[in-house]
file start_38.txt (compact mmCIF, C-alpha atoms)
# COMPACT_ATOMS: atom_id res chain seq x y z
CA MET D 1 210.85 90.54 106.45
CA GLU D 2 207.14 90.21 105.63
CA TYR D 3 206.29 93.90 105.18
CA VAL D 4 207.82 97.37 105.03
CA GLU D 5 206.48 100.90 105.33
CA THR D 6 208.03 103.38 102.95
CA GLU D 7 207.60 106.98 101.81
CA GLY D 8 207.83 108.80 98.51
CA ASN D 9 206.81 112.00 96.80
CA THR D 10 203.95 110.05 95.22
CA ILE D 11 202.19 106.79 96.02
CA ASP D 12 203.87 105.07 93.06
CA GLU D 13 207.30 106.24 94.23
CA ALA D 14 206.60 104.94 97.76
CA ILE D 15 205.58 101.57 96.29
CA GLU D 16 208.72 101.40 94.15
CA ASN D 17 210.84 102.10 97.26
CA ALA D 18 209.10 99.25 99.07
CA LEU D 19 209.65 96.84 96.18
CA LYS D 20 213.37 97.68 96.13
CA ILE D 21 213.67 96.93 99.85
CA LEU D 22 211.74 93.66 99.63
CA GLY D 23 213.43 92.68 96.39
CA VAL D 24 210.26 91.48 94.67
CA GLU D 25 207.99 92.41 91.77
CA ARG D 26 204.72 94.34 92.19
CA ASP D 27 202.53 91.25 91.88
CA LYS D 28 204.21 89.67 94.92
CA VAL D 29 202.95 92.25 97.43
CA THR D 30 199.71 93.66 98.81
CA VAL D 31 199.81 97.44 99.20
CA ASP D 32 197.93 99.48 101.82
CA ILE D 33 198.09 103.26 101.39
CA LEU D 34 198.67 104.85 104.79
CA ALA D 35 198.87 108.47 103.62
CA GLU D 36 198.44 110.23 100.31
CA GLY D 37 201.15 112.63 99.23
CA LYS D 38 200.54 116.38 99.25
CA ARG D 39 202.57 118.79 97.14
CA GLY D 40 201.88 121.92 99.13
CA ILE D 41 202.39 125.46 97.86
CA PHE D 42 205.98 126.37 97.00
CA GLY D 43 207.01 123.37 99.08
CA ILE D 44 205.16 124.60 102.17
CA GLY D 45 202.83 122.03 103.70
CA ALA D 46 204.11 119.23 101.48
CA LYS D 47 203.63 115.71 102.82
CA LYS D 48 205.13 112.42 101.73
CA ALA D 49 202.99 109.55 100.52
CA ARG D 50 203.34 106.51 102.79
CA VAL D 51 202.48 102.87 102.08
CA ARG D 52 202.77 99.48 103.70
CA ALA D 53 203.79 96.68 101.32
CA SER D 54 203.22 93.14 102.63
CA LEU D 55 204.52 89.98 101.00
CA ARG D 56 201.61 87.91 99.79
CA ARG D 57 200.99 84.74 101.78
CA GLY D 58 202.51 81.64 100.24
CA LEU D 59 205.46 83.50 98.66
CA PHE D 60 207.92 81.42 100.66
CA GLU D 61 205.80 78.35 101.29
CA GLU D 62 205.03 77.56 97.65
CA LYS D 63 208.21 75.64 96.94
CA GLU D 64 208.29 72.69 94.59
CA GLU D 65 208.31 69.40 96.48
CA PRO D 66 210.06 66.27 95.18
CA ARG D 67 207.77 63.82 93.41
CA GLY D 68 206.42 61.10 95.62
CA GLU D 69 206.64 63.21 98.76
CA PRO D 70 203.30 63.53 100.60
CA ARG D 71 204.14 66.85 102.22
CA ALA D 72 202.12 69.11 99.90
CA ALA D 73 199.05 66.87 100.09
CA GLU D 74 199.39 66.70 103.88
CA GLU D 75 199.55 70.50 104.17
CA GLU D 76 196.41 70.75 102.02
CA ARG D 77 194.66 68.16 104.21
CA ILE D 78 195.58 70.04 107.39
CA SER D 79 194.39 73.29 105.88
CA GLN D 80 191.02 71.79 105.00
CA ASP D 81 190.70 70.29 108.48
CA GLU D 82 191.37 73.69 109.99
CA ILE D 83 188.76 75.37 107.79
CA ALA D 84 186.19 72.73 108.76
CA ALA D 85 187.00 73.15 112.46
CA VAL D 86 186.62 76.93 112.29
CA GLY D 87 183.31 76.50 110.47
CA GLN D 88 181.93 74.19 113.18
CA LYS D 89 183.14 76.49 115.96
CA GLY D 90 181.63 79.50 114.19
CA LYS D 91 178.30 77.67 113.81
CA GLN D 92 178.18 76.86 117.52
CA VAL D 93 179.02 80.40 118.59
CA LEU D 94 176.54 81.95 116.14
CA ALA D 95 173.80 79.60 117.34
CA GLU D 96 174.41 80.73 120.93
CA ILE D 97 174.33 84.41 119.91
CA LEU D 98 171.00 83.91 118.14
CA ARG D 99 169.62 82.04 121.15
CA LEU D 100 170.53 84.95 123.43
CA MET D 101 168.80 87.28 120.95
CA GLY D 102 165.67 85.17 121.19
CA ILE D 103 165.84 84.11 117.54
CA ASP D 104 164.96 80.57 116.56
CA ALA D 105 166.84 79.67 113.38
CA ALA D 106 168.89 76.92 111.76
CA ILE D 107 172.45 77.49 110.54
CA GLU D 108 173.94 75.81 107.49
CA ILE D 109 177.66 75.81 106.68
CA LYS D 110 178.37 76.55 103.00
CA PRO D 111 181.62 77.03 101.04
CA GLY D 112 182.53 80.54 99.95
CA GLU D 113 183.98 81.79 96.68
CA ILE D 114 187.50 80.89 97.80
CA ALA D 115 188.69 77.97 99.93
CA GLU D 116 189.35 80.15 103.00
CA GLU D 117 185.80 81.54 103.14
CA ILE D 118 183.11 79.87 105.25
CA ILE D 119 179.51 81.02 104.87
CA LEU D 120 177.20 80.54 107.86
CA ASP D 121 173.73 80.77 106.34
CA ILE D 122 170.99 81.60 108.89
CA GLN D 123 167.69 80.00 107.87
CA GLY D 124 164.51 81.16 109.59
CA GLU D 125 161.81 83.80 109.64
CA SER D 126 163.89 86.65 111.10
CA GLY D 127 165.93 87.49 108.00
CA GLY D 128 164.84 91.10 107.77
CA LEU D 129 165.64 91.71 111.44
CA LEU D 130 169.06 90.08 111.11
CA ILE D 131 170.00 91.98 107.96
CA GLY D 132 169.14 95.41 109.37
CA HIS D 133 169.58 98.74 107.58
CA LYS D 134 171.91 98.20 104.60
CA GLY D 135 173.17 94.99 106.16
CA GLN D 136 174.54 96.68 109.28
CA THR D 137 173.09 94.14 111.73
CA LEU D 138 174.46 91.26 109.68
CA GLU D 139 177.88 92.92 109.57
CA ALA D 140 177.79 93.48 113.34
CA LEU D 141 176.99 89.79 113.87
CA GLN D 142 179.85 88.81 111.60
CA TYR D 143 182.28 91.14 113.39
CA LEU D 144 181.24 89.83 116.82
CA LEU D 145 181.48 86.23 115.65
CA THR D 146 184.94 86.79 114.17
CA ARG D 147 186.19 88.38 117.40
CA ILE D 148 184.86 85.50 119.52
CA VAL D 149 186.09 82.70 117.28
CA GLY D 150 189.42 84.50 116.94
CA GLU D 151 191.03 84.60 113.52
CA ARG D 152 194.74 83.86 113.58
CA GLN D 153 196.99 86.87 113.38
CA GLY D 154 199.87 87.24 110.94
CA ARG D 155 198.51 84.99 108.17
CA GLU D 156 195.48 84.41 105.98
CA GLY D 157 193.25 82.15 108.06
CA PRO D 158 189.68 80.96 107.47
CA GLN D 159 187.19 83.82 107.11
CA LEU D 160 183.67 83.55 108.49
CA ILE D 161 180.83 85.18 106.56
CA VAL D 162 177.34 85.44 108.09
CA ASP D 163 174.47 85.47 105.59
CA THR D 164 170.68 85.11 105.47
CA GLU D 165 168.05 85.22 102.73
CA ASN D 166 170.84 85.32 100.12
CA TYR D 167 171.66 88.88 101.16
CA GLY D 168 175.39 88.32 100.62
CA GLU D 169 174.88 87.36 96.97
CA ARG D 170 172.63 90.34 96.35
CA ARG D 171 175.14 92.67 98.00
CA ARG D 172 178.00 91.13 96.03
CA LYS D 173 176.24 91.82 92.75
CA GLY D 174 175.47 95.37 93.88
CA LEU D 175 179.11 95.99 94.79
CA GLU D 176 180.33 94.51 91.49
CA ASP D 177 177.98 96.80 89.57
CA MET D 178 179.19 99.77 91.60
CA ALA D 179 182.83 98.79 91.01
CA LEU D 180 182.36 98.60 87.23
CA ARG D 181 180.47 101.89 87.20
CA LEU D 182 183.12 103.71 89.26
CA GLY D 183 185.88 102.10 87.22
CA GLU D 184 184.40 103.60 84.07
CA LYS D 185 184.10 106.96 85.84
CA ALA D 186 187.77 106.85 86.88
CA LYS D 187 188.85 106.08 83.30
CA ARG D 188 186.53 108.65 81.75
CA GLN D 189 187.54 111.49 84.09
CA ARG D 190 191.14 110.27 84.50
CA LYS D 191 190.83 110.86 88.22
CA THR D 192 191.07 108.56 91.24
CA VAL D 193 187.68 107.60 92.66
CA THR D 194 187.44 106.98 96.42
CA VAL D 195 184.95 104.58 98.03
CA ASP D 196 184.60 105.20 101.77
CA ALA D 197 184.30 102.84 104.75
CA LEU D 198 184.32 99.35 103.27
CA SER D 199 184.78 96.11 105.18
CA ALA D 200 187.55 93.71 104.14
CA ALA D 201 184.99 91.43 102.47
CA ASP D 202 183.49 94.31 100.47
CA ARG D 203 186.94 95.52 99.43
CA ARG D 204 187.79 92.04 98.14
CA ILE D 205 184.65 92.04 95.99
CA ILE D 206 185.64 95.34 94.36
CA HIS D 207 189.26 94.25 93.93
CA ARG D 208 188.11 91.10 92.12
CA ALA D 209 185.58 92.94 89.98
CA LEU D 210 188.29 95.23 88.58
CA GLN D 211 191.38 93.03 88.69
CA ASP D 212 191.17 92.12 84.99
CA ASP D 213 190.66 95.71 83.80
CA PRO D 214 194.05 96.76 82.38
CA TRP D 215 193.16 100.46 82.66
CA VAL D 216 192.62 100.74 86.41
CA THR D 217 194.06 99.45 89.67
CA THR D 218 192.61 99.33 93.18
CA ARG D 219 194.31 100.03 96.51
CA SER D 220 193.19 100.16 100.12
CA LEU D 221 193.78 103.34 102.09
CA GLY D 222 194.03 103.67 105.86
CA ARG D 223 194.04 101.27 108.79
CA GLY D 224 191.49 99.28 110.75
CA ALA D 225 188.66 96.95 109.74
CA TYR D 226 186.89 99.58 107.61
CA ARG D 227 189.06 101.37 105.08
CA ARG D 228 188.67 103.51 102.02
CA LEU D 229 189.34 101.99 98.64
CA LEU D 230 190.89 103.86 95.70
CA ILE D 231 190.09 103.12 92.06
CA ILE D 232 193.02 104.58 90.13
CA PRO D 233 193.27 105.06 86.35
CA GLU D 234 196.78 104.23 85.20
CA GLY D 235 196.79 103.50 81.48
CA ASP D 236 197.03 100.03 79.97
CA ARG D 237 198.48 98.31 83.04
CA LYS D 238 198.34 94.79 81.61
CA LYS D 239 200.34 95.64 78.47
CA ARG D 240 202.87 97.61 80.52
CA ASP D 241 203.35 94.73 82.98
CA GLU D 242 203.72 92.21 80.14
CA ALA D 243 206.30 94.42 78.43
CA ARG D 244 208.22 94.75 81.70
CA GLU D 245 208.35 90.95 82.10
CA GLN D 246 209.74 90.37 78.59
CA PRO D 247 213.53 90.05 78.29
CA PRO D 248 215.42 92.94 76.62
CA GLY D 249 215.23 92.90 72.84
CA LYS D 250 212.00 90.89 72.75
CA GLN D 251 209.43 93.57 73.31
CA GLY D 252 206.35 93.47 71.14
CA PRO D 253 205.66 95.87 68.32
CA LYS D 254 205.24 99.49 69.29
CA GLY D 255 201.84 101.11 69.10
CA PRO D 256 200.98 103.97 66.81
CA ASN D 257 202.96 107.19 67.29

call {"tool": "encode", "arguments": {"input": "start_38.txt", "output": "structure tokens"}}
result
Amino acid sequence: MEYVETEGNTIDEAIENALKILGVERDKVTVDILAEGKRGIFGIGAKKARVRASLRRGLFEEKEEPRGEPRAAEEERISQDEIAAVGQKGKQVLAEILRLMGIDAAIEIKPGEIAEEIILDIQGESGGLLIGHKGQTLEALQYLLTRIVGERQGREGPQLIVDTENYGERRRKGLEDMALRLGEKAKRQRKTVTVDALSAADRRIIHRALQDDPWVTTRSLGRGAYRRLLIIPEGDRKKRDEAREQPPGKQGPKGPN
């Protein structure tokens, strides 16, 4: 069982129900919020919160191999070969798309922030045209390219990212600044902040920007390529998680009363 969909009176309760079914800790799953709970008035119009909890990739594969066995190295080699092959295929398809658009440009394959990301950097004089309003043309190119190349379903495969004139880096910094600003707002107001219509790549940037903040957590909401993202204040999450992992009788000193 790789994922479950569960309900609860609150989002946290729905997540706890999912963890019980899967039999894992919170850090072993990725949670998508399908519906937010609604209390209703005197019980009328109340709706359950619903989530999908998916086991993170590698949970079963990351088993310790006996020393001297080449299996782990071979799997890594195959994975790198696959990433390289997807990058070359993506470059060829993108070059054909640009040719049909009447754009003369070179394409350079670059590594992304993580091993599974492949950046296809378009180099030419049509950067402004390719970026479009708020990057919409670039995103459309990336979506079309991904659909043609065909990412594998059911696992985390190589991810193609189309960029030009360093737009991706500038957008990443803008999203990180926005994430930090909205994270402070969520903590200050003690209310969940919602960011609408983000691509998977943009959501990852915000997740990473806030993942080390012990006072907030981030969750995706909805289905499809573009989803909302929630920035949720939840107290000192890191200390609470560390206390939960400690064996009974070995908890750290209590804070001030």

call {"tool": "closest_residue", "arguments": {"input": "start_38.txt", "among": "D:Val216, D:Ile205, D:Val149, D:Ile118", "to": "D:Val93", "atoms": "all atoms listed in the file"}}
result
D:Val149

call {"tool": "atom_distance", "arguments": {"input": "start_38.txt", "atom1": "atom CA of D:Gly127", "atom2": "atom CA of D:Pro158"}}
result
24.6 Å

call {"tool": "residues_around", "arguments": {"input": "start_38.txt", "residues": "D:Ala95", "least_positions_apart": "5", "cutoff": "9 Å", "atoms": "all atoms listed in the file", "output": "PyMOL selection string"}}
result
chain D and resi 90+100+104-107

call {"tool": "atom_distance", "arguments": {"input": "start_38.txt", "atom1": "atom CA of D:Gly102", "atom2": "atom CA of D:Val86"}}
result
24.2 Å

call {"tool": "closest_residue", "arguments": {"input": "start_38.txt", "among": "D:Ile109, D:Leu98, D:Ile103, D:Ile21", "to": "D:Leu144", "atoms": "all atoms listed in the file"}}
result
D:Leu98

call {"tool": "residues_around", "arguments": {"input": "start_38.txt", "residues": "D:Asp202", "least_positions_apart": "6", "cutoff": "10 Å", "atoms": "all atoms listed in the file", "output": "ChimeraX atom specification"}}
result
/D:171-172,175-176,226,229

call {"tool": "write_last_selection", "arguments": {"input": "start_38.txt", "atoms": "C-alpha atoms", "output": "mmCIF file, in the frame of the given file"}}
result
data_model
loop_
_atom_site.group_PDB
_atom_site.id
_atom_site.type_symbol
_atom_site.label_atom_id
_atom_site.label_comp_id
_atom_site.auth_asym_id
_atom_site.auth_seq_id
_atom_site.Cartn_x
_atom_site.Cartn_y
_atom_site.Cartn_z
ATOM 1 C CA ARG D 171 175.140 92.670 98.000
ATOM 2 C CA ARG D 172 178.000 91.130 96.030
ATOM 3 C CA LEU D 175 179.110 95.990 94.790
ATOM 4 C CA GLU D 176 180.330 94.510 91.490
ATOM 5 C CA TYR D 226 186.890 99.580 107.610
ATOM 6 C CA LEU D 229 189.340 101.990 98.640
#

call {"tool": "closest_residue", "arguments": {"input": "start_38.txt", "among": "D:Gly174, D:Ile161, D:Gln136, D:Ile231", "to": "D:Gln189", "atoms": "all atoms listed in the file"}}
result
D:Ile231

call {"tool": "residues_around", "arguments": {"input": "start_38.txt", "residues": "D:Gly8", "least_positions_apart": "6", "cutoff": "8 Å", "atoms": "all atoms listed in the file", "output": "CSV table (one decimal) with C-alpha atoms, in the frame of the given file"}}
result
chain,number,residue,atom,x,y,z
D,14,ALA,CA,206.6,104.9,97.8
D,15,ILE,CA,205.6,101.6,96.3
D,17,ASN,CA,210.8,102.1,97.3
D,37,GLY,CA,201.2,112.6,99.2
D,48,LYS,CA,205.1,112.4,101.7
D,49,ALA,CA,203.0,109.6,100.5
D,50,ARG,CA,203.3,106.5,102.8

call {"tool": "residues_around", "arguments": {"input": "start_38.txt", "residues": "D:Ile119", "least_positions_apart": "4", "cutoff": "8 Å", "atoms": "all atoms listed in the file", "output": "list in words"}}
result
Ile109, Lys110, Pro111, Gly112, Leu160, Ile161, Val162 and Asp163 of chain D

call {"tool": "closest_residue", "arguments": {"input": "start_38.txt", "among": "D:His207, D:Ile97, D:Thr218, D:Ala140", "to": "D:Val193", "atoms": "only C-alpha atoms"}}
result
D:Thr218

call {"tool": "atom_distance", "arguments": {"input": "start_38.txt", "atom1": "atom CA of D:Ala200", "atom2": "atom CA of D:Asp121"}}
result
19.1 Å

call {"tool": "closest_residue", "arguments": {"input": "start_38.txt", "among": "D:Ser54, D:Thr164, D:Gln159, D:Gln92", "to": "D:Gly135", "atoms": "all atoms listed in the file"}}
result
D:Thr164
